[in-house]
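Asks: Okay, handing you the structure first.
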Amino acid sequence: MADPARSEFARRRTQLMRLMGASSIAIVPAAPVRQRNNDVEYDYRQDSDFYYLSGFPEPESVLVLIPGREAAQYVLFVRERDSEREIWDGKRAGPAGATSGYGAEDAFPIADIDEILPGLLEGRERVFYTMGLNPEFDQRVIGWVKRLRSQARSGMHAPQEFVSLNHLLHDMRLFKSRAELALMRRCSQIGADAHVRAMRFCRPGRMEFEVMAELLHEFRRHGADTSYHPIVGSGANCCVLHYHANDARMNSGDLLLVDAGCEYGYYASDITRTYPVSGRFSPEQRAVYEVVLEAQRAAIARVKPGNHWNEPHDAAVRVIAAGLKSIGLLKGALPALIRAGSYKRFFMHRTGHWLGMDVHDVGDYKIEDEWRVLEPGMVLTVEPGIYIPAGSARVPRRFWNIGVRIEDDVVVTRGGCEVLTDGAPKDPDEIEALMAAA
């Protein structure tokens, strides 16, 4: 099984069942297989909630947790072994493998779920299940409950309440265990090394997709894959926040913005670095870059237990607004500029998001309309930016097509925070020295 170890998955299931309470049942389906085109499927990636509780990587599976059930509290429905299909698609665990290799206390063929699962629902008061993610499976769950209710006169007791599983499960996922943080440190190191490789490769005349190839090579040689499609944008493209084409030629005098992370052991990294294609920042590029770097450092300094979620963003906004004013791109009193949101013309996104099994990971940002307080074990990104596209009104031409974002992955610790991705240099002098030595 992949890390975290089997005991880690068992600990999670036990914790969730304790939170669910007696007379309840949780149902979690695996991610469906998605068709790419004709008879070609997308590479399969298990649903994060399903994997978090089971470590089971196969499609066409359903996980069921039944707190207090004597026969088995943890049940998996999985594909049966099929020697012919395994020639084409690879080995399957089958029900026997689900119990021996993945800790299920009982396992059944997925083909038998319509006959068996209603019996597991019988006598339970609450069904913990997340509606809306898989409409087809939603209808099956509702159908099983309706079938039980139709048999009430025969003494069958059907669940009376549906409860979203997200509330409990996603709050658990927000707090990373020691085993999870070990995977995220490794994932972050692989990602940082890939960015260093890209910096060393970058030269005028090369293509953006060649830089992406260097990133992918570093990911795959360490057993990782992309956690999202990389953004490799040079020149005007570095001002497009979700640029995906990665097909332009890089020119001397351009900046290159690379937003790329990897996934390792089902955990993601998310890193952005910006650097000059020619290896040296122009005065205007460095001026903007240093504002963003100062903003990021100010934001990271606010990542500590007891501070609330929005404090890093507020810190970044103050620095960016002051920096834009100091280089002449904003005019007026600083408090008024911040209140009016004048900086949003150049810094239009939030400073970060939760990070974990998903790049934009689960977890509430507010509780009862108040920003969530940061606690040890939470992992977030810190990614301020400034973007000045060509044609920006009242902006000197020498600042056009300067787009800078700097992003790191940060875990809240008892004493403050740890930057997981500091293996990728971001000091402008260090970047220039690294590129000159390549």
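Within each chain, counting starts at residue 1; across the structure tokens, chains are named A, B, ... in the order shown, with ligands numbered 1 upward in that order.
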Got a sec to tell me which of range 343-423 of chain A DSSP assigns to strand (DSSP E or B), as a list in words?

Replies: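 The residues of range 343-423 of chain A classed as strand (DSSP E or B) are Trp354, Lys366, Ile367, Glu370, Trp371, Val373, Val379, Leu380, Thr381, Val382, Gly385, Ile386, Tyr387, Ile388, Ile402, Gly403, Val404, Arg405, Glu407, Asp408, Asp409, Val410, Val411, Val412, Thr413, Gly416, Cys417, Glu418 and Val419 of chain A.
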
Asks: For a test of reading the model, state the distance in Å between CA of Tyr264 in chain A and CA of Pro95 in chain A, rounded to one decimal.

Replies: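 According to the coordinates, CA of Tyr264 in chain A and CA of Pro95 in chain A are separated by 26.8 Å.
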
Asks: Looking at only C-alpha atoms, which of A:Thr272, A:Ser154, A:Ser342, A:Thr351 is the one that sits closest to Ala295 in chain A?

Replies: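 Smallest distance to Ala295 in chain A is found for A:Thr351.
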
Asks: Find the spatial neighbours of range 423-429 of chain A, counting only C-alpha atoms, within a cut-off of 7 Å - ignore same-chain residues fewer than 4 positions away - and output them as a list of chain:residue names.

Replies: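 Residues meeting the cut-off are A:Gln189, A:Ala192, A:Asp193, A:His195, A:Val196, A:Arg273, A:Ala433.
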
Asks: So how many Å separate CA of Gly253 in chain A and CA of Pro276 in chain A, to one decimal?

Replies: 6.9 Å

Asks: Write out as a VMD selection string which residues come within 12 Å of range 326-329 of chain A when counting only C-alpha atoms, dropping same-chain ones fewer than 2 positions away.

Replies: chain A and resid 283 to 291 319 to 324 331 to 334 337 342 to 343 345 to 346 386 to 388 392 to 400

Asks: Between CA of Ala182 in chain A and CA of Glu383 in chain A, what distance in Å does the model show, to one decimal?

Replies: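 Those two atoms sit 22.4 Å apart.
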
Asks: Which one is closest to Arg45 in chain A: A:Leu120, A:Ala152, A:Arg147, A:Gly265? Count only C-alpha atoms.

Replies: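 Going through A:Leu120, A:Ala152, A:Arg147, A:Gly265 one by one, the smallest distance to Arg45 in chain A is for A:Gly265.
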
Asks: If you count only C-alpha atoms, which residues fall within 9 Å of Leu374 in chain A, apart from same-chain ones fewer than 3 positions away, as number ranges by chain?

Replies: A: 303-309, 377-378, 412

Asks: Could you write out that same residue set with C-alpha atoms as a PDB file, in the first residue's frame?

Replies:
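Generated output (selection_29.pdb):
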```pdb
ATOM      1  CA  VAL A 303       1.117  32.436   9.491  1.00  0.00           C
ATOM      2  CA  LYS A 304       1.103  31.329  13.116  1.00  0.00           C
ATOM      3  CA  PRO A 305      -1.306  29.747  15.602  1.00  0.00           C
ATOM      4  CA  GLY A 306      -3.917  32.177  16.884  1.00  0.00           C
ATOM      5  CA  ASN A 307      -3.899  34.428  13.839  1.00  0.00           C
ATOM      6  CA  HIS A 308      -6.899  34.176  11.576  1.00  0.00           C
ATOM      7  CA  TRP A 309      -6.988  33.039   7.953  1.00  0.00           C
ATOM      8  CA  GLY A 377      -1.142  21.047  11.172  1.00  0.00           C
ATOM      9  CA  MET A 378      -2.943  23.298   8.701  1.00  0.00           C
ATOM     10  CA  VAL A 412       1.365  26.043  10.648  1.00  0.00           C
TER      11      VAL A 412
END
```

Asks: Using only C-alpha atoms, pick whichever of A:Ile87, A:Val419, A:Ala299, A:Met357 has the shortest atom-to-atom distance to Leu183 in chain A.

Replies: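 Among the listed residues, A:Met357 lies closest to Leu183 in chain A.
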
Asks: Which residue is closest to Val64 in chain A? Choose from A:Leu117, A:Tyr102, A:Asp39, A:Gly223 and count only C-alpha atoms.

Replies: A:Leu117

Asks: Please determine, counting only C-alpha atoms, which residue among A:Met435, A:Tyr228, A:Ser7, A:Val411 has the shortest atom-to-atom distance to Arg197 in chain A.

Replies: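 Nearest to Arg197 in chain A: A:Met435.
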
Asks: Of the candidates A:Val75, A:Asn310, A:Gly403, A:Asp361, which one gets nearest to Tyr243 in chain A if we count only C-alpha atoms?

Replies: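 Of A:Val75, A:Asn310, A:Gly403, A:Asp361, the one nearest Tyr243 in chain A is A:Gly403, counting only C-alpha atoms.
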
Asks: When you look at Gln46 in chain A with a cut-off of 8 Å (counting only C-alpha atoms), what residues show up, excluding the ones that are within fewer than 4 positions of it in the same chain? I need them as a PyMOL selection string.

Replies: chain A and resi 30-31+50-51+57-59

Asks: How would the residues just chosen look if you wrote them out with C-alpha atoms as a PDB file, in the first residue's frame?

Replies:
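Result saved to result-v7.pdb:
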```pdb
ATOM      1  CA  ALA A  30     -14.749   5.849  -5.513  1.00  0.00           C
ATOM      2  CA  ALA A  31     -14.111   8.354  -8.291  1.00  0.00           C
ATOM      3  CA  PHE A  50     -12.225   7.742  -0.537  1.00  0.00           C
ATOM      4  CA  TYR A  51      -8.440   7.369  -0.585  1.00  0.00           C
ATOM      5  CA  PRO A  57      -6.722   2.984  -5.499  1.00  0.00           C
ATOM      6  CA  GLU A  58      -9.195   1.120  -7.732  1.00  0.00           C
ATOM      7  CA  PRO A  59     -12.341   2.451  -9.462  1.00  0.00           C
TER       8      PRO A  59
END
```

Asks: Check the DSSP output for the backbone and give back, as a ChimeraX atom specification, the residues of range 23-187 of chain A in helix (DSSP H, G or I).

Replies: /A:48-54,83-89,94-102,110-121,135-149,152-154,166-174,178-187

Asks: Please dump the current selection as an mmCIF file, in the first residue's frame; keep C-alpha atoms.

Replies:
```cif
data_model
loop_
_atom_site.group_PDB
_atom_site.id
_atom_site.type_symbol
_atom_site.label_atom_id
_atom_site.label_comp_id
_atom_site.auth_asym_id
_atom_site.auth_seq_id
_atom_site.Cartn_x
_atom_site.Cartn_y
_atom_site.Cartn_z
ATOM 1 C CA SER A 48 -9.456 12.125 -2.279
ATOM 2 C CA ASP A 49 -12.042 11.409 0.443
ATOM 3 C CA PHE A 50 -12.225 7.742 -0.537
ATOM 4 C CA TYR A 51 -8.440 7.369 -0.585
ATOM 5 C CA TYR A 52 -8.021 9.303 2.681
ATOM 6 C CA LEU A 53 -10.102 6.681 4.468
ATOM 7 C CA SER A 54 -9.016 3.534 2.643
ATOM 8 C CA SER A 83 -8.058 -12.864 -15.302
ATOM 9 C CA GLU A 84 -9.039 -11.681 -18.782
ATOM 10 C CA ARG A 85 -9.507 -8.015 -17.844
ATOM 11 C CA GLU A 86 -6.330 -8.096 -15.765
ATOM 12 C CA ILE A 87 -4.360 -8.941 -18.929
ATOM 13 C CA TRP A 88 -5.502 -5.601 -20.356
ATOM 14 C CA ASP A 89 -5.815 -3.354 -17.310
ATOM 15 C CA GLY A 94 -10.683 -8.348 -5.444
ATOM 16 C CA PRO A 95 -12.648 -8.821 -2.204
ATOM 17 C CA ALA A 96 -9.909 -11.027 -0.714
ATOM 18 C CA GLY A 97 -7.235 -8.438 -1.460
ATOM 19 C CA ALA A 98 -9.408 -5.662 -0.035
ATOM 20 C CA THR A 99 -9.387 -7.408 3.329
ATOM 21 C CA SER A 100 -5.816 -8.736 3.353
ATOM 22 C CA GLY A 101 -4.117 -5.706 1.802
ATOM 23 C CA TYR A 102 -6.300 -2.736 2.694
ATOM 24 C CA ILE A 110 -19.384 -4.447 -6.358
ATOM 25 C CA ALA A 111 -21.918 -6.294 -8.504
ATOM 26 C CA ASP A 112 -23.686 -7.402 -5.297
ATOM 27 C CA ILE A 113 -24.053 -3.935 -3.736
ATOM 28 C CA ASP A 114 -27.760 -3.542 -4.562
ATOM 29 C CA GLU A 115 -28.545 -6.719 -2.629
ATOM 30 C CA ILE A 116 -26.209 -6.167 0.341
ATOM 31 C CA LEU A 117 -26.089 -2.435 1.066
ATOM 32 C CA PRO A 118 -29.804 -1.985 1.946
ATOM 33 C CA GLY A 119 -29.267 -4.526 4.703
ATOM 34 C CA LEU A 120 -26.391 -2.435 6.067
ATOM 35 C CA LEU A 121 -28.626 0.645 6.050
ATOM 36 C CA PRO A 135 -25.638 12.321 -9.436
ATOM 37 C CA GLU A 136 -25.926 8.768 -10.733
ATOM 38 C CA PHE A 137 -24.727 7.284 -7.457
ATOM 39 C CA ASP A 138 -26.912 9.766 -5.516
ATOM 40 C CA GLN A 139 -29.954 8.137 -7.083
ATOM 41 C CA ARG A 140 -28.769 4.684 -6.073
ATOM 42 C CA VAL A 141 -28.329 5.733 -2.433
ATOM 43 C CA ILE A 142 -31.763 7.366 -2.394
ATOM 44 C CA GLY A 143 -33.208 4.257 -4.019
ATOM 45 C CA TRP A 144 -31.786 1.976 -1.309
ATOM 46 C CA VAL A 145 -33.307 4.121 1.430
ATOM 47 C CA LYS A 146 -36.668 4.285 -0.386
ATOM 48 C CA ARG A 147 -36.688 0.517 -0.730
ATOM 49 C CA LEU A 148 -36.271 0.145 3.036
ATOM 50 C CA ARG A 149 -38.971 2.711 3.762
ATOM 51 C CA ALA A 152 -41.700 -0.403 6.974
ATOM 52 C CA ARG A 153 -44.829 -2.519 7.475
ATOM 53 C CA SER A 154 -42.621 -5.588 7.423
ATOM 54 C CA ASN A 166 -18.104 16.828 4.135
ATOM 55 C CA HIS A 167 -18.551 18.679 7.411
ATOM 56 C CA LEU A 168 -16.819 16.003 9.481
ATOM 57 C CA LEU A 169 -14.435 14.517 6.942
ATOM 58 C CA HIS A 170 -13.125 17.739 5.458
ATOM 59 C CA ASP A 171 -12.422 19.202 8.874
ATOM 60 C CA MET A 172 -10.348 16.092 9.608
ATOM 61 C CA ARG A 173 -8.441 16.495 6.343
ATOM 62 C CA LEU A 174 -7.637 20.136 7.172
ATOM 63 C CA ARG A 178 2.871 13.598 11.020
ATOM 64 C CA ALA A 179 2.666 10.980 8.269
ATOM 65 C CA GLU A 180 0.890 13.389 5.934
ATOM 66 C CA LEU A 181 3.426 16.144 6.574
ATOM 67 C CA ALA A 182 6.263 13.746 5.771
ATOM 68 C CA LEU A 183 4.676 13.116 2.359
ATOM 69 C CA MET A 184 4.107 16.821 1.810
ATOM 70 C CA ARG A 185 7.729 17.643 2.648
ATOM 71 C CA ARG A 186 8.897 15.110 0.078
ATOM 72 C CA CYS A 187 6.397 16.408 -2.471
#
```
